[in-house]
Amino acid sequence: MARTLNLVFSLAILMSLIFSSTAQSCKSYAFSSNKIFRACNDLPVLNSYLHWNYDSSSNKLQIAYRHTGITSSKWVAWAINPTSTGMAGSQALVAYQQNDGTMRAYRSPISSYQTSLQEGKLSFDVPDLSATLANNELIMFATIELSNTSTTVNQVWQDGPLSGNAPQIHSTSGSNVQSMGTLNLLSGESSSTGGNGKIRKRNIHGVLNAVSWGILMPIGALIARYLKVFKSADPAWFYLHASCQSIAYIVGVAGWATGLKLGSESAGIQYDAHRTIGIILFCLGTLQVFALLLRPKADHKYRFYWNIYHHLVGYTVIILSIINIFKGFNILNPDEKWKNAYIGVIVALALNAVWLEGYTWYVVVKRKSSETAGKMPHFTNGSNGANGYGGRPHQGV
């Protein structure tokens, strides 16, 4: 009995030690370098902790950023974003262990979501920066001279894989898109803003534009080009075409508007080519809508020129849409399956277009041959000479 009690007691002590180590608080942590920080915060995700001293008179901030569960094959970063709550625009401190075993800690201004964490000058001074890696825990020490007087900062923290000595893009799901928030340097109060809101807006922007400009517009063009060949589809093809393009335009404008909103919320972040093509598409799409209202009748002398304009602008919109959607994929960097799915849709539409092009040409040529044969003059056999050769046409009564 006593042995059993001793065993249970020993297991209880062991479990308490395990739980205390896994649920470690920043307040109980002691730095081996005997550095002391007056405030600390347990960051909500990515096994991270921030310790700091803040002098409001000099606006100087001393920090120790700890990131546990890190191996030599990963990089970590902690950043202050002076302009927004997300990653883009943040001023980052980055650290990792190099292949030769030495630590590298450097400054990296992040201007876009496609950053490669290149070294550069920050918007504030960081006179001291160093890093250590021991027992799968990477710690960055830094002194920051803040350039503004606000005691609340937007913070972002992150980790990601290394390829050799080059940081690679971090995961775009789970904790890696929630590692951001605000921090009051005086009170120590913090809040996690997460990345879900902005990521949701980006995804909505991408889906709306891919479905409208990138799928519905080409389908509408296929309807107009190939269904009108069949007399039985007239005038249904026109209403189908107009409906498809109208829906695509309305949804596309909604997607365009979300893009403008995202741009306004990401000060200093520009995707010039993507933005310019988007504006051009909106303008051309709007012109097409107004052109439909001014469409001349089929027998009008200007209808020929209107058709040329309508086809030219329509095909331009489709080509630019597909180009811009792939630029959007490069910016959003979603799972590869979404890009492959869209490629599959475009390939399917292209194959259908090739097949329909051949089939409708066959129908048109066959129809013209039948019409030509129907218009040929008929002769009566034996009216004058054998089999009618050399005879005059039969004179009807």
# chains A, B, ... in the order shown; residues from 1 in each chain; ligands from 1
call {"tool": "select_by_dssp", "arguments": {"residues": "segment 238-305 of chain A", "states": "helix (DSSP H, G or I)", "output": "ChimeraX atom specification"}}
result
/A:238-264,272-293,303-305
call {"tool": "write_last_selection", "arguments": {"atoms": "C-alpha atoms", "output": "compact mmCIF listing (two decimals), in the first residue's frame"}}
result
# COMPACT_ATOMS: atom_id res chain seq x y z
CA PHE A 238 -28.60 37.22 -76.75
CA TYR A 239 -30.46 37.29 -73.43
CA LEU A 240 -28.19 34.59 -72.02
CA HIS A 241 -25.13 36.54 -73.15
CA ALA A 242 -26.41 39.85 -71.75
CA SER A 243 -27.43 38.25 -68.45
CA CYS A 244 -24.12 36.45 -67.99
CA GLN A 245 -22.06 39.56 -68.73
CA SER A 246 -24.27 41.77 -66.55
CA ILE A 247 -23.91 39.43 -63.57
CA ALA A 248 -20.16 39.23 -64.19
CA TYR A 249 -19.90 43.02 -64.29
CA ILE A 250 -21.90 43.53 -61.07
CA VAL A 251 -19.92 40.88 -59.16
CA GLY A 252 -16.69 42.20 -60.69
CA VAL A 253 -17.40 45.74 -59.53
CA ALA A 254 -17.98 44.38 -56.00
CA GLY A 255 -14.61 42.61 -56.20
CA TRP A 256 -12.98 45.78 -57.53
CA ALA A 257 -14.45 47.79 -54.65
CA THR A 258 -13.06 45.34 -52.06
CA GLY A 259 -9.67 45.77 -53.72
CA LEU A 260 -9.88 49.55 -53.30
CA LYS A 261 -10.83 49.08 -49.64
CA LEU A 262 -7.88 46.75 -49.08
CA GLY A 263 -5.58 49.28 -50.72
CA SER A 264 -6.83 52.08 -48.47
CA ASP A 272 1.10 48.65 -59.18
CA ALA A 273 0.58 46.23 -62.09
CA HIS A 274 -2.34 44.43 -60.41
CA ARG A 275 -3.95 47.74 -59.43
CA THR A 276 -3.50 49.33 -62.87
CA ILE A 277 -4.95 46.34 -64.73
CA GLY A 278 -7.87 46.31 -62.29
CA ILE A 279 -8.68 49.96 -63.04
CA ILE A 280 -8.42 49.34 -66.79
CA LEU A 281 -10.79 46.36 -66.50
CA PHE A 282 -13.33 48.41 -64.57
CA CYS A 283 -13.22 51.17 -67.21
CA LEU A 284 -13.51 48.77 -70.17
CA GLY A 285 -16.29 46.80 -68.46
CA THR A 286 -18.23 50.01 -67.81
CA LEU A 287 -17.79 51.04 -71.46
CA GLN A 288 -19.22 47.70 -72.54
CA VAL A 289 -22.31 48.26 -70.40
CA PHE A 290 -22.93 51.69 -71.91
CA ALA A 291 -22.18 50.37 -75.40
CA LEU A 292 -24.95 47.80 -74.95
CA LEU A 293 -27.41 50.62 -74.33
CA ARG A 303 -23.67 48.28 -86.69
CA PHE A 304 -20.59 46.86 -88.42
CA TYR A 305 -18.29 49.28 -86.58
call {"tool": "residues_around", "arguments": {"residues": "Phe124 of chain A", "least_positions_apart": "2", "cutoff": "6 Å", "atoms": "only C-alpha atoms", "output": "list in words"}}
result
Leu122, Leu146 and Ser147 of chain A
call {"tool": "residues_around", "arguments": {"residues": "Ala105 of chain A", "least_positions_apart": "6", "cutoff": "8 Å", "atoms": "only C-alpha atoms", "output": "list in words"}}
result
Leu93, Val94, Ala95, Tyr96, Leu129, Ser130, Ala131 and Met140 of chain A
call {"tool": "closest_residue", "arguments": {"among": "A:Ala210, A:Gly89, A:Trp237, A:Leu138", "to": "Val345 of chain A", "atoms": "only C-alpha atoms"}}
result
A:Ala210
call {"tool": "closest_residue", "arguments": {"among": "A:Ser370, A:Ser72, A:Asn333, A:Ser58", "to": "Gln98 of chain A", "atoms": "only C-alpha atoms"}}
result
A:Ser72
call {"tool": "closest_residue", "arguments": {"among": "A:Ser32, A:Asn154, A:Ser171, A:Asn53", "to": "Ile139 of chain A", "atoms": "only C-alpha atoms"}}
result
A:Ser32
call {"tool": "atom_distance", "arguments": {"atom1": "atom CA of Trp361 of chain A", "atom2": "atom CA of Ile223 of chain A"}}
result
15.2 Å
call {"tool": "residues_around", "arguments": {"residues": "His311 of chain A", "least_positions_apart": "5", "cutoff": "10 Å", "atoms": "only C-alpha atoms", "output": "ChimeraX atom specification"}}
result
/A:221,225,288,306,316-317
call {"tool": "residues_around", "arguments": {"residues": "Lys231 of chain A", "least_positions_apart": "3", "cutoff": "12 Å", "atoms": "only C-alpha atoms", "output": "list in words"}}
result
Tyr226, Leu227, Lys228, Asp234, Pro235, Ala236, Trp237, Phe238, Thr360, Val363, Val364 and Arg367 of chain A
call {"tool": "residues_around", "arguments": {"residues": "Gln158 of chain A", "least_positions_apart": "2", "cutoff": "12 Å", "atoms": "only C-alpha atoms", "output": "VMD selection string"}}
result
chain A and resid 43 45 to 49 65 to 68 70 74 to 80 86 to 87 90 92 to 95 117 155 to 156 160 to 161 167 to 172 174 to 180
call {"tool": "atom_distance", "arguments": {"atom1": "atom CA of Ile63 of chain A", "atom2": "atom CA of Ser111 of chain A"}}
result
23.1 Å
call {"tool": "closest_residue", "arguments": {"among": "A:Ile204, A:Val229, A:Val153, A:Leu356", "to": "Asn184 of chain A", "atoms": "only C-alpha atoms"}}
result
A:Val153
call {"tool": "residues_around", "arguments": {"residues": "Gly328 of chain A", "least_positions_apart": "2", "cutoff": "10 Å", "atoms": "only C-alpha atoms", "output": "list in words"}}
result
Arg202, His205, Gly206, Asn209, Ala210, Tyr271, His274, Arg275, Ile322, Ile323, Asn324, Ile325, Phe326, Asn330, Ile331, Leu332, Asn333 and Pro334 of chain A
call {"tool": "write_last_selection", "arguments": {"atoms": "N, CA, C and O atoms", "output": "mmCIF file, in the first residue's frame"}}
result
data_model
loop_
_atom_site.group_PDB
_atom_site.id
_atom_site.type_symbol
_atom_site.label_atom_id
_atom_site.label_comp_id
_atom_site.auth_asym_id
_atom_site.auth_seq_id
_atom_site.Cartn_x
_atom_site.Cartn_y
_atom_site.Cartn_z
ATOM 1 N N ARG A 202 -9.243 39.804 -48.305
ATOM 2 C CA ARG A 202 -8.408 39.470 -49.469
ATOM 3 C C ARG A 202 -8.973 38.267 -50.213
ATOM 4 O O ARG A 202 -9.004 38.243 -51.442
ATOM 5 N N HIS A 205 -12.100 39.307 -52.067
ATOM 6 C CA HIS A 205 -11.674 40.049 -53.260
ATOM 7 C C HIS A 205 -11.233 39.098 -54.367
ATOM 8 O O HIS A 205 -11.640 39.240 -55.524
ATOM 9 N N GLY A 206 -10.439 38.109 -54.003
ATOM 10 C CA GLY A 206 -9.938 37.172 -55.001
ATOM 11 C C GLY A 206 -11.033 36.308 -55.595
ATOM 12 O O GLY A 206 -11.082 36.108 -56.819
ATOM 13 N N ASN A 209 -13.471 38.340 -57.969
ATOM 14 C CA ASN A 209 -12.869 38.692 -59.257
ATOM 15 C C ASN A 209 -12.586 37.469 -60.118
ATOM 16 O O ASN A 209 -12.736 37.530 -61.346
ATOM 17 N N ALA A 210 -12.181 36.369 -59.495
ATOM 18 C CA ALA A 210 -11.918 35.154 -60.275
ATOM 19 C C ALA A 210 -13.203 34.626 -60.898
ATOM 20 O O ALA A 210 -13.222 34.226 -62.069
ATOM 21 N N TYR A 271 0.649 47.275 -55.212
ATOM 22 C CA TYR A 271 0.849 46.266 -56.251
ATOM 23 C C TYR A 271 0.461 46.949 -57.562
ATOM 24 O O TYR A 271 -0.673 46.828 -58.035
ATOM 25 N N HIS A 274 -1.036 45.005 -60.738
ATOM 26 C CA HIS A 274 -2.342 44.434 -60.413
ATOM 27 C C HIS A 274 -3.392 45.540 -60.291
ATOM 28 O O HIS A 274 -4.512 45.407 -60.799
ATOM 29 N N ARG A 275 -3.031 46.619 -59.641
ATOM 30 C CA ARG A 275 -3.954 47.744 -59.433
ATOM 31 C C ARG A 275 -4.285 48.425 -60.755
ATOM 32 O O ARG A 275 -5.457 48.728 -61.039
ATOM 33 N N ILE A 322 -7.723 37.409 -67.070
ATOM 34 C CA ILE A 322 -6.976 36.179 -66.751
ATOM 35 C C ILE A 322 -5.566 36.526 -66.271
ATOM 36 O O ILE A 322 -5.072 35.955 -65.291
ATOM 37 N N ILE A 323 -4.925 37.489 -66.941
ATOM 38 C CA ILE A 323 -3.584 37.912 -66.513
ATOM 39 C C ILE A 323 -3.618 38.445 -65.087
ATOM 40 O O ILE A 323 -2.785 38.097 -64.244
ATOM 41 N N ASN A 324 -4.620 39.283 -64.793
ATOM 42 C CA ASN A 324 -4.676 39.908 -63.476
ATOM 43 C C ASN A 324 -5.035 38.920 -62.373
ATOM 44 O O ASN A 324 -4.615 39.070 -61.224
ATOM 45 N N ILE A 325 -5.808 37.907 -62.712
ATOM 46 C CA ILE A 325 -6.142 36.887 -61.718
ATOM 47 C C ILE A 325 -4.899 36.115 -61.307
ATOM 48 O O ILE A 325 -4.689 35.822 -60.123
ATOM 49 N N PHE A 326 -4.035 35.816 -62.265
ATOM 50 C CA PHE A 326 -2.795 35.124 -61.906
ATOM 51 C C PHE A 326 -1.860 36.038 -61.109
ATOM 52 O O PHE A 326 -1.120 35.565 -60.241
ATOM 53 N N ASN A 330 -0.415 35.332 -57.204
ATOM 54 C CA ASN A 330 0.954 35.557 -56.728
ATOM 55 C C ASN A 330 0.980 36.439 -55.485
ATOM 56 O O ASN A 330 1.874 36.302 -54.641
ATOM 57 N N ILE A 331 0.014 37.356 -55.381
ATOM 58 C CA ILE A 331 -0.041 38.242 -54.224
ATOM 59 C C ILE A 331 -0.630 37.524 -53.014
ATOM 60 O O ILE A 331 -0.090 37.565 -51.911
ATOM 61 N N LEU A 332 -1.761 36.831 -53.224
ATOM 62 C CA LEU A 332 -2.431 36.136 -52.126
ATOM 63 C C LEU A 332 -1.657 34.912 -51.659
ATOM 64 O O LEU A 332 -1.698 34.545 -50.493
ATOM 65 N N ASN A 333 -0.996 34.265 -52.617
ATOM 66 C CA ASN A 333 -0.231 33.043 -52.341
ATOM 67 C C ASN A 333 -1.073 31.999 -51.597
ATOM 68 O O ASN A 333 -0.705 31.527 -50.516
ATOM 69 N N PRO A 334 -2.224 31.608 -52.158
ATOM 70 C CA PRO A 334 -3.058 30.594 -51.508
ATOM 71 C C PRO A 334 -2.479 29.200 -51.717
ATOM 72 O O PRO A 334 -1.429 29.039 -52.358
#
call {"tool": "atom_distance", "arguments": {"atom1": "atom CA of Gly101 of chain A", "atom2": "atom CA of Asn136 of chain A"}}
result
13.7 Å
call {"tool": "closest_residue", "arguments": {"among": "A:Ala298, A:Ser57, A:Met217, A:Gly69", "to": "Asn135 of chain A", "atoms": "only C-alpha atoms"}}
result
A:Gly69
call {"tool": "decode", "arguments": {"residues": "segment 284-352 of chain A", "atoms": "C-alpha atoms", "output": "tab-separated table (two decimals), in the first residue's frame"}}
result
chain	number	residue	atom	x	y	z
A	284	LEU	CA	-13.51	48.77	-70.17
A	285	GLY	CA	-16.29	46.80	-68.46
A	286	THR	CA	-18.23	50.01	-67.81
A	287	LEU	CA	-17.79	51.04	-71.46
A	288	GLN	CA	-19.22	47.70	-72.54
A	289	VAL	CA	-22.31	48.26	-70.40
A	290	PHE	CA	-22.93	51.69	-71.91
A	291	ALA	CA	-22.18	50.37	-75.40
A	292	LEU	CA	-24.95	47.80	-74.95
A	293	LEU	CA	-27.41	50.62	-74.33
A	294	LEU	CA	-26.25	52.33	-77.56
A	295	ARG	CA	-26.31	49.16	-79.67
A	296	PRO	CA	-27.50	50.00	-83.23
A	297	LYS	CA	-30.10	47.86	-84.95
A	298	ALA	CA	-28.90	44.98	-87.12
A	299	ASP	CA	-29.48	46.85	-90.40
A	300	HIS	CA	-27.99	50.15	-89.22
A	301	LYS	CA	-24.99	51.44	-91.16
A	302	TYR	CA	-22.93	51.78	-87.96
A	303	ARG	CA	-23.67	48.28	-86.69
A	304	PHE	CA	-20.59	46.86	-88.42
A	305	TYR	CA	-18.29	49.28	-86.58
A	306	TRP	CA	-20.10	48.72	-83.30
A	307	ASN	CA	-19.52	44.97	-83.65
A	308	ILE	CA	-15.80	45.51	-84.19
A	309	TYR	CA	-15.60	47.71	-81.09
A	310	HIS	CA	-17.68	45.32	-78.98
A	311	HIS	CA	-15.63	42.25	-79.92
A	312	LEU	CA	-12.28	44.02	-79.53
A	313	VAL	CA	-13.07	45.42	-76.08
A	314	GLY	CA	-14.69	42.15	-74.95
A	315	TYR	CA	-11.74	39.96	-75.83
A	316	THR	CA	-9.33	42.52	-74.34
A	317	VAL	CA	-11.25	42.38	-71.05
A	318	ILE	CA	-11.06	38.57	-70.98
A	319	ILE	CA	-7.32	38.45	-71.66
A	320	LEU	CA	-6.51	41.17	-69.10
A	321	SER	CA	-8.80	39.50	-66.55
A	322	ILE	CA	-6.98	36.18	-66.75
A	323	ILE	CA	-3.58	37.91	-66.51
A	324	ASN	CA	-4.68	39.91	-63.48
A	325	ILE	CA	-6.14	36.89	-61.72
A	326	PHE	CA	-2.80	35.12	-61.91
A	327	LYS	CA	-1.13	38.27	-60.55
A	328	GLY	CA	-3.64	38.09	-57.72
A	329	PHE	CA	-2.68	34.47	-57.05
A	330	ASN	CA	0.95	35.56	-56.73
A	331	ILE	CA	-0.04	38.24	-54.22
A	332	LEU	CA	-2.43	36.14	-52.13
A	333	ASN	CA	-0.23	33.04	-52.34
A	334	PRO	CA	-3.06	30.59	-51.51
A	335	ASP	CA	-2.75	26.81	-51.46
A	336	GLU	CA	-1.63	25.51	-54.84
A	337	LYS	CA	-4.93	23.64	-55.28
A	338	TRP	CA	-6.85	26.91	-55.81
A	339	LYS	CA	-4.53	28.05	-58.56
A	340	ASN	CA	-4.67	24.60	-60.16
A	341	ALA	CA	-8.47	24.62	-59.96
A	342	TYR	CA	-8.66	27.92	-61.83
A	343	ILE	CA	-6.18	26.68	-64.43
A	344	GLY	CA	-8.43	23.64	-64.87
A	345	VAL	CA	-11.47	25.87	-65.46
A	346	ILE	CA	-9.63	28.00	-68.03
A	347	VAL	CA	-8.29	24.93	-69.84
A	348	ALA	CA	-11.80	23.43	-69.94
A	349	LEU	CA	-13.25	26.66	-71.38
A	350	ALA	CA	-10.43	26.84	-73.95
A	351	LEU	CA	-10.98	23.22	-75.07
A	352	ASN	CA	-14.72	23.86	-75.40
